[in-house]
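Enquirer: Just one file: work-v8.txt, with compact mmCIF, C-alpha atoms.
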```
# COMPACT_ATOMS: atom_id res chain seq x y z
CA MET A 161 -11.94 -25.92 -4.61
CA LYS A 162 -9.93 -22.71 -4.32
CA ARG A 163 -11.92 -21.19 -7.13
CA MET A 164 -15.20 -22.21 -5.45
CA ARG A 165 -14.18 -20.33 -2.35
CA PHE A 166 -13.94 -17.17 -4.34
CA LEU A 167 -17.15 -17.74 -6.29
CA LEU A 168 -19.38 -18.74 -3.39
CA PRO A 169 -19.67 -15.30 -1.69
CA LEU A 170 -20.14 -13.73 -5.10
CA GLY A 171 -22.95 -16.17 -5.87
CA ILE A 172 -24.63 -15.50 -2.54
CA PHE A 173 -24.25 -11.77 -3.13
CA ILE A 174 -25.86 -12.02 -6.57
CA VAL A 175 -28.79 -14.02 -5.18
CA LEU A 176 -29.22 -11.43 -2.42
CA VAL A 177 -29.18 -8.58 -4.92
CA GLY A 178 -31.79 -10.45 -6.96
CA PHE A 179 -34.10 -10.78 -3.95
CA LEU A 180 -33.64 -7.14 -3.02
CA ALA A 181 -34.26 -5.99 -6.59
CA VAL A 182 -37.54 -7.91 -6.72
CA GLY A 183 -38.46 -6.66 -3.25
CA LEU A 184 -37.94 -3.07 -4.27
CA ARG A 185 -40.38 -3.45 -7.12
CA LEU A 186 -43.14 -4.87 -4.94
CA ASN A 187 -45.53 -2.42 -3.38
CA PRO A 188 -46.01 -3.39 0.25
CA ARG A 189 -49.24 -1.40 0.38
CA GLU A 190 -50.88 -3.79 -2.07
CA VAL A 191 -52.15 -6.54 0.16
CA PRO A 192 -53.52 -9.42 -1.91
CA SER A 193 -57.21 -9.84 -1.19
CA PRO A 194 -58.50 -13.23 -0.06
CA LEU A 195 -61.83 -12.32 -1.65
CA ILE A 196 -60.68 -12.84 -5.22
CA ASP A 197 -62.74 -15.63 -6.84
CA LYS A 198 -65.11 -15.61 -3.86
CA PRO A 199 -68.72 -14.46 -3.92
CA ALA A 200 -69.06 -10.73 -3.30
CA PRO A 201 -70.11 -10.27 0.34
CA PRO A 202 -73.81 -9.48 0.56
CA PHE A 203 -74.97 -5.97 1.40
CA SER A 204 -78.17 -4.01 1.37
CA LEU A 205 -77.34 -0.34 1.26
CA VAL A 206 -79.20 2.91 0.80
CA ARG A 207 -78.72 4.84 -2.43
CA LEU A 208 -76.87 8.13 -2.24
CA ASP A 209 -79.27 9.94 -4.56
CA GLU A 210 -82.46 8.24 -3.27
CA PRO A 211 -82.08 7.42 0.45
CA THR A 212 -85.47 5.73 0.44
CA GLN A 213 -84.26 2.99 -1.91
CA THR A 214 -81.75 0.26 -1.28
CA LEU A 215 -79.52 -1.81 -3.48
CA LYS A 216 -78.47 -5.39 -2.83
CA VAL A 217 -75.61 -7.35 -4.35
CA GLU A 218 -78.17 -9.81 -5.73
CA ASP A 219 -79.71 -7.00 -7.78
CA MET A 220 -76.57 -7.03 -9.89
CA ARG A 221 -76.75 -10.73 -10.80
CA GLY A 222 -76.26 -11.37 -14.48
CA LYS A 223 -74.13 -8.30 -15.01
CA VAL A 224 -70.42 -7.72 -15.02
CA TRP A 225 -69.89 -4.59 -12.96
CA LEU A 226 -67.36 -2.46 -11.17
CA LEU A 227 -67.67 -1.38 -7.56
CA ASN A 228 -65.52 1.63 -6.78
CA VAL A 229 -64.99 2.66 -3.16
CA TRP A 230 -64.81 6.43 -2.89
CA ALA A 231 -65.32 9.35 -0.53
CA SER A 232 -65.43 13.12 -0.81
CA TRP A 233 -62.65 13.37 1.81
CA CYS A 234 -60.41 11.03 -0.20
CA VAL A 235 -57.57 12.88 -1.88
CA ALA A 236 -56.44 10.00 -4.07
CA CYS A 237 -59.98 9.68 -5.46
CA MET A 238 -59.46 12.98 -7.28
CA GLN A 239 -56.50 11.37 -9.01
CA GLU A 240 -58.51 8.54 -10.53
CA HIS A 241 -61.62 10.63 -11.12
CA PRO A 242 -60.83 11.64 -14.73
CA VAL A 243 -60.13 8.00 -15.56
CA LEU A 244 -63.48 6.96 -14.13
CA LEU A 245 -65.31 9.74 -15.99
CA GLU A 246 -63.72 8.58 -19.22
CA PHE A 247 -64.63 4.97 -18.43
CA SER A 248 -68.28 5.85 -17.74
CA LYS A 249 -68.54 7.63 -21.09
CA ASN A 250 -67.65 4.42 -22.89
CA LYS A 251 -70.51 2.59 -21.19
CA SER A 252 -68.82 -0.78 -21.22
CA VAL A 253 -70.14 -2.06 -17.87
CA PRO A 254 -72.00 -0.42 -15.00
CA LEU A 255 -69.82 1.47 -12.55
CA TYR A 256 -71.23 1.61 -9.03
CA GLY A 257 -69.83 3.75 -6.27
CA LEU A 258 -69.55 2.71 -2.65
CA ASN A 259 -69.53 6.00 -0.77
CA TYR A 260 -67.35 5.08 2.20
CA LYS A 261 -67.64 6.76 5.61
CA ASP A 262 -68.79 10.03 4.14
CA GLN A 263 -71.40 12.70 4.77
CA ARG A 264 -74.31 12.62 2.32
CA ASP A 265 -74.20 16.36 1.63
CA ASP A 266 -70.44 16.33 1.13
CA ALA A 267 -70.68 13.36 -1.22
CA LEU A 268 -73.45 14.91 -3.32
CA ALA A 269 -71.60 18.23 -3.48
CA TRP A 270 -68.40 16.44 -4.53
CA LEU A 271 -70.22 14.66 -7.38
CA ALA A 272 -71.93 17.88 -8.48
CA LYS A 273 -68.61 19.71 -8.52
CA HIS A 274 -66.35 17.12 -10.15
CA GLY A 275 -68.82 15.16 -12.23
CA ASN A 276 -70.53 11.85 -11.52
CA PRO A 277 -69.01 8.80 -13.22
CA TYR A 278 -71.25 6.37 -11.33
CA ASP A 279 -74.42 4.74 -12.57
CA LEU A 280 -75.35 4.74 -8.92
CA SER A 281 -73.71 5.28 -5.57
CA ILE A 282 -74.62 3.47 -2.39
CA VAL A 283 -73.82 4.64 1.09
CA ASP A 284 -71.68 2.85 3.66
CA PRO A 285 -71.67 5.45 6.45
CA ASP A 286 -69.93 3.41 9.17
CA GLY A 287 -67.62 1.40 6.91
CA ARG A 288 -69.15 -1.96 7.85
CA VAL A 289 -69.56 -3.12 4.27
CA GLY A 290 -66.08 -1.76 3.61
CA ILE A 291 -64.73 -4.15 6.25
CA ASP A 292 -66.66 -7.06 4.67
CA TYR A 293 -64.97 -6.23 1.37
CA GLY A 294 -61.57 -5.95 3.02
CA VAL A 295 -61.28 -2.27 2.21
CA TYR A 296 -58.32 -0.71 3.99
CA GLY A 297 -57.87 2.44 1.97
CA VAL A 298 -59.84 4.51 -0.46
CA PRO A 299 -60.04 4.24 -3.43
CA GLU A 300 -60.34 0.55 -4.13
CA THR A 301 -62.12 -1.04 -7.06
CA PHE A 302 -63.71 -4.46 -7.40
CA LEU A 303 -64.63 -6.22 -10.60
CA ILE A 304 -67.57 -8.56 -10.09
CA ASP A 305 -68.79 -11.07 -12.66
CA LYS A 306 -72.24 -12.23 -13.74
CA GLN A 307 -72.39 -14.87 -11.01
CA GLY A 308 -71.63 -12.29 -8.34
CA VAL A 309 -68.04 -13.44 -7.85
CA ILE A 310 -65.24 -10.93 -7.24
CA ARG A 311 -62.73 -11.47 -10.03
CA TYR A 312 -60.31 -8.63 -9.53
CA LYS A 313 -59.43 -5.94 -7.05
CA TYR A 314 -57.50 -2.80 -7.78
CA ILE A 315 -55.99 -0.99 -4.81
CA GLY A 316 -55.36 2.74 -5.03
CA PRO A 317 -56.26 5.24 -7.72
CA ILE A 318 -56.86 3.52 -11.06
CA THR A 319 -54.42 4.59 -13.72
CA ARG A 320 -55.16 4.69 -17.43
CA GLU A 321 -52.64 1.90 -17.98
CA ALA A 322 -54.29 -0.30 -15.38
CA LEU A 323 -57.69 0.34 -16.90
CA ASN A 324 -56.64 -0.31 -20.48
CA ASN A 325 -54.17 -3.13 -19.89
CA THR A 326 -55.81 -5.07 -17.10
CA ILE A 327 -59.38 -4.10 -16.26
CA LEU A 328 -60.88 -3.64 -19.73
CA PRO A 329 -59.47 -6.92 -21.13
CA LEU A 330 -60.76 -8.72 -18.03
CA ILE A 331 -64.20 -7.18 -18.48
CA GLN A 332 -64.22 -8.32 -22.09
CA ARG A 333 -63.33 -11.85 -21.11
CA LEU A 334 -65.95 -11.97 -18.37
CA GLN A 335 -68.65 -10.69 -20.67
CA SER A 336 -68.10 -13.20 -23.41
CA MET B 17 -42.07 9.40 -11.97
CA SER B 18 -45.58 10.57 -11.21
CA ARG B 19 -46.32 7.11 -9.81
CA LEU B 20 -43.34 7.42 -7.50
CA TYR B 21 -44.51 10.86 -6.46
CA ALA B 22 -48.01 9.55 -5.77
CA PHE B 23 -46.52 6.70 -3.75
CA VAL B 24 -44.41 9.06 -1.64
CA VAL B 25 -47.44 11.28 -1.03
CA ALA B 26 -49.51 8.24 -0.08
CA CYS B 27 -46.79 7.14 2.35
CA LEU B 28 -46.66 10.56 3.97
CA LEU B 29 -50.42 10.72 4.22
CA SER B 30 -50.64 7.33 5.83
CA LEU B 31 -47.87 8.35 8.22
CA ALA B 32 -49.92 11.38 9.11
CA ALA B 33 -52.94 9.14 9.60
CA CYS B 34 -50.89 6.94 11.93
CA ALA B 35 -49.55 9.88 13.88
CA ALA B 36 -52.88 11.60 14.29
CA HIS B 37 -54.13 10.97 17.76
CA ALA B 38 -57.72 9.94 17.61
CA ALA B 39 -58.81 7.34 20.08
CA GLN B 40 -57.68 5.16 22.91
CA SER B 41 -57.01 1.59 21.89
CA VAL B 42 -58.78 0.45 25.01
CA ASP B 43 -62.11 1.61 26.30
CA ALA B 44 -61.47 2.45 29.95
CA ASP B 45 -65.13 2.12 30.87
CA GLY B 46 -65.57 -1.25 29.22
CA ASP B 47 -65.56 -4.68 30.81
CA PRO B 48 -61.91 -5.28 31.87
CA ALA B 49 -62.01 -8.92 30.79
CA VAL B 50 -63.25 -7.97 27.31
CA GLU B 51 -60.69 -5.19 27.03
CA GLN B 52 -57.88 -7.51 28.10
CA ARG B 53 -58.86 -10.07 25.47
CA LEU B 54 -59.15 -7.31 22.89
CA ARG B 55 -55.67 -6.07 23.78
CA ASN B 56 -54.16 -9.56 23.56
CA LEU B 57 -55.81 -10.19 20.22
CA ALA B 58 -55.08 -6.76 18.76
CA ASN B 59 -51.40 -7.05 19.68
CA GLU B 60 -51.13 -10.02 17.33
CA LEU B 61 -52.97 -8.37 14.48
CA ARG B 62 -51.50 -6.02 11.94
CA CYS B 63 -53.03 -2.67 11.11
CA LEU B 64 -53.45 -2.56 7.34
CA VAL B 65 -53.09 1.19 7.11
CA CYS B 66 -49.97 1.56 9.26
CA GLN B 67 -48.43 -1.75 8.36
CA ASN B 68 -45.72 -1.77 10.99
CA GLN B 69 -48.12 -1.14 13.81
CA SER B 70 -50.36 -3.62 15.49
CA LEU B 71 -54.08 -3.14 15.60
CA ALA B 72 -53.69 -2.29 19.29
CA ASP B 73 -51.20 0.53 18.70
CA SER B 74 -52.65 2.12 15.61
CA HIS B 75 -54.77 5.23 15.67
CA ALA B 76 -55.83 4.89 12.04
CA ASP B 77 -59.58 5.09 11.42
CA LEU B 78 -59.74 1.56 10.10
CA ALA B 79 -57.90 0.21 13.14
CA ILE B 80 -60.44 1.90 15.41
CA ASP B 81 -63.31 0.43 13.39
CA LEU B 82 -61.75 -3.02 13.48
CA ARG B 83 -61.11 -2.83 17.22
CA ASN B 84 -64.75 -1.90 17.77
CA GLU B 85 -65.80 -4.77 15.55
CA VAL B 86 -63.54 -7.21 17.45
CA ARG B 87 -64.81 -5.85 20.77
CA GLU B 88 -68.39 -6.52 19.69
CA GLN B 89 -67.55 -10.02 18.58
CA ILE B 90 -65.85 -10.75 21.91
CA LYS B 91 -68.96 -9.51 23.68
CA ALA B 92 -71.05 -11.70 21.39
CA GLY B 93 -69.12 -14.69 22.74
CA LYS B 94 -66.92 -15.50 19.72
CA SER B 95 -63.64 -17.26 20.37
CA ASP B 96 -60.28 -15.72 19.47
CA ALA B 97 -59.88 -18.27 16.70
CA GLN B 98 -63.28 -17.39 15.23
CA ILE B 99 -62.40 -13.69 15.28
CA ARG B 100 -59.08 -14.40 13.57
CA VAL B 101 -60.86 -16.37 10.87
CA TRP B 102 -63.37 -13.53 10.44
CA LEU B 103 -60.50 -11.10 9.88
CA THR B 104 -58.47 -13.31 7.56
CA GLU B 105 -61.54 -13.94 5.40
CA ARG B 106 -61.54 -10.21 4.71
CA TYR B 107 -57.94 -9.12 4.86
CA GLY B 108 -55.98 -12.33 4.33
CA ASP B 109 -53.17 -13.81 6.39
CA PHE B 110 -51.51 -10.44 6.13
CA VAL B 111 -53.38 -9.26 9.25
CA LEU B 112 -51.77 -11.97 11.34
CA TYR B 113 -48.35 -11.21 12.72
CA ARG B 114 -48.01 -14.99 13.14
CA PRO B 115 -48.94 -16.43 9.75
CA PRO B 116 -50.32 -19.99 9.76
CA LEU B 117 -48.12 -22.87 8.61
CA LYS B 118 -49.19 -23.67 5.03
CA ALA B 119 -47.54 -24.79 1.82
CA THR B 120 -46.85 -21.17 0.88
CA THR B 121 -45.42 -20.23 4.26
CA VAL B 122 -43.30 -23.31 4.94
CA LEU B 123 -40.14 -21.54 3.82
CA LEU B 124 -40.96 -18.64 6.12
CA TRP B 125 -41.28 -20.89 9.13
CA VAL B 126 -38.51 -23.43 8.53
CA GLY B 127 -36.18 -21.18 6.49
CA PRO B 128 -34.33 -19.71 9.49
CA ALA B 129 -33.88 -23.17 11.02
CA ILE B 130 -32.50 -24.49 7.72
CA LEU B 131 -30.12 -21.53 7.46
CA LEU B 132 -28.95 -22.03 11.03
CA ALA B 133 -28.41 -25.76 10.46
CA ALA B 134 -26.50 -25.07 7.23
CA ALA B 135 -24.33 -22.49 8.98
CA LEU B 136 -23.57 -24.89 11.86
CA ILE B 137 -22.66 -27.68 9.44
CA ALA B 138 -20.41 -25.30 7.51
CA LEU B 139 -18.75 -24.21 10.76
CA VAL B 140 -18.08 -27.78 11.90
CA VAL B 141 -16.74 -28.80 8.49
CA THR B 142 -14.46 -25.76 8.33
CA LEU B 143 -13.11 -26.30 11.84
CA ARG B 144 -12.43 -29.98 11.16
CA ARG B 145 -10.65 -29.20 7.95
CA ARG B 146 -8.51 -26.59 9.59
CA ARG B 147 -7.50 -28.94 12.35
CA LEU B 148 -6.38 -31.49 9.76
CA ARG B 149 -4.37 -28.88 7.93
CA ILE B 150 -2.45 -27.66 10.94
CA GLU B 151 -0.12 -30.53 11.64
CA PRO B 152 1.23 -30.50 15.13
CA SER B 153 4.90 -30.78 14.27
CA GLU B 154 7.67 -31.20 16.80
CA LEU B 155 10.60 -28.84 16.55
CA SER B 156 13.79 -30.42 15.53
CA GLU B 157 16.86 -30.09 17.74
CA THR B 158 18.48 -27.39 15.61
CA GLU B 159 15.23 -25.43 15.39
CA ARG B 160 14.84 -25.51 19.15
CA ALA B 161 18.40 -24.31 19.67
CA ARG B 162 17.83 -21.48 17.22
CA ALA B 163 14.58 -20.48 18.88
CA GLU B 164 16.23 -20.42 22.28
CA ALA B 165 19.08 -18.35 20.93
CA LEU B 166 16.66 -15.87 19.43
CA LEU B 167 14.42 -15.65 22.51
CA GLY B 168 17.28 -15.59 24.98
CA SER B 169 19.17 -12.82 23.21
CA ARG B 170 16.11 -10.55 23.37
CA SER B 171 15.85 -8.45 26.49
CA ASP B 172 12.42 -8.61 28.10
CA PRO B 173 10.86 -5.17 27.49
CA SER B 174 8.79 -5.29 30.67
CA HIS B 175 11.91 -5.32 32.89
CA SER B 176 14.05 -2.81 31.14
```
Any chance you could give the structure as structure tokens?

Expert:
Amino acid sequence: MKRMRFLLPLGIFIVLVGFLAVGLRLNPREVPSPLIDKPAPPFSLVRLDEPTQTLKVEDMRGKVWLLNVWASWCVACMQEHPVLLEFSKNKSVPLYGLNYKDQRDDALAWLAKHGNPYDLSIVDPDGRVGIDYGVYGVPETFLIDKQGVIRYKYIGPITREALNNTILPLIQRLQS
Amino acid sequence: MSRLYAFVVACLLSLAACAAHAAQSVDADGDPAVEQRLRNLANELRCLVCQNQSLADSHADLAIDLRNEVREQIKAGKSDAQIRVWLTERYGDFVLYRPPLKATTVLLWVGPAILLAAALIALVVTLRRRRLRIEPSELSETERARAEALLGSRSDPSHS
């Protein structure tokens, strides 16, 4: 009993340290999306390059594809841009851009200057579609499967590790 | 290291976004009843950009967009519950400052009560045990005489 008395606070302390250690590793900015494994919310949006034409989610049925939310005013987008350019060169799956709350001219100039990794960009000028997709920061990236179901969401600038270790293997699995 | 750096920069940027004064949370010209409902609702919703601010307090762009969206839904005659569902379908329970009671949140809701109960039980047990240990013992005759001798021989400091 005497020994227990000495060990109990130590045990509680160790448990507390364990919780804190795990808590420190979690990123509070990564809010888990409720949209995972749910159908991608429908949209019908104008193309950035061809404002006369629209793209719908249904148009992408039968394809595994990535939807990357970006904007010319977004600083973090510059960080992931080289990764996206590299990804688009490999031509594994289509990469579509959702140009979020941006000016058309600014967006086109940004792509011309830094290179265009997107097969196509669509325009969400007032962020309505962004809200439907639960976007709360740019960049965010969604992986959507052949049935039009969101299978994965990456929050923040995509790193090479995230692409190679998580996204590409997932794409491979979804395609087979 | 670079990840940490990026994280710090992101934090600072989002702080700047929170601090930047942009819009009033309430539209002064709007219908007061709608604005009051919006305020009540927004006070219970979390801004996803500035996570420690409510949707009512935040000046982040997204918070403004969401407030406008909520305002429109109120005007369209949606109930508070419907609006909350609409938001949680997009952003998850995270937007609610009062998360619903579910299997995954049971510990969150009943945890404090369990801790309090455990602490009270521990307190009662400890007090009982201590009372048992301290035996109220009568002084023996010689002990009493000795105590009186000791106390009586001491001058009272308050009178000297």

Enquirer: Up to 9 Å from chain B, what residues of chain A turn up? Count only C-alpha atoms and give them as JSON, numbers by chain.

Expert: {"A": [188, 189, 191, 192, 193, 194, 195, 236, 286, 287, 288, 291, 292, 293, 294, 295, 296, 297]}

Enquirer: Which distance in Å separates CA of Ala129 (chain B) and CA of Glu190 (chain A), to one decimal?

Expert: 28.9 Å

Enquirer: Between CA of Gly127 (chain B) and CA of Pro115 (chain B), what is the distance in Å, rounded to a tenth?

Expert: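 Between these atoms lies a distance of 14.0 Å.
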
Enquirer: Write out as a compact mmCIF listing (two decimals) with C-alpha atoms, in the frame of the given file the residues lying within 8 Å of Ile90 (chain B), counting all atoms listed in the file and excluding same-chain residues fewer than 3 positions away.

Expert:
```txt
# COMPACT_ATOMS: atom_id res chain seq x y z
CA VAL B 50 -63.25 -7.97 27.31
CA ARG B 53 -58.86 -10.07 25.47
CA LEU B 54 -59.15 -7.31 22.89
CA VAL B 86 -63.54 -7.21 17.45
CA ARG B 87 -64.81 -5.85 20.77
CA GLY B 93 -69.12 -14.69 22.74
CA LYS B 94 -66.92 -15.50 19.72
CA SER B 95 -63.64 -17.26 20.37
CA ASP B 96 -60.28 -15.72 19.47
```

Enquirer: Which is closest to Gln332 (chain A) among A:Val224, A:Ala181, A:Gly275, A:His241, if we use all atoms listed in the file?

Expert: A:Val224

Enquirer: Find the distance between CA of Val229 (chain A) and CA of Glu210 (chain A) and write it in Å to one decimal.

Expert: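 Computing the Euclidean distance for CA of Val229 (chain A) and CA of Glu210 (chain A) yields 18.3 Å.
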
Enquirer: Set the distance at 10 Å and use all atoms listed in the file: which residues neighbour Thr326 (chain A) once local chain neighbours fewer than 6 positions away are removed? I'd like the list as a ChimeraX atom specification.

Expert: /A:312,314,320

Enquirer: With all atoms listed in the file as the basis for distance, which of A:Ile318, A:Val182, A:Leu334, A:Leu168 is at the shortest distance from Pro242 (chain A)?

Expert: A:Ile318

Enquirer: Excluding Leu258 (chain A) and any residue of its chain fewer than 6 positions from it, enumerate the residues within 7 Å of it, using all atoms listed in the file, and give them as a PyMOL selection string.

Expert: chain A and resi 227-230+281-284

Enquirer: Quick one: residues within 7 Å of Ser232 (chain A), only C-alpha atoms counted, chain neighbours fewer than 3 positions away excluded, as a list in words?

Expert: Asp262, Asp266, Ala267 and Trp270 of chain A
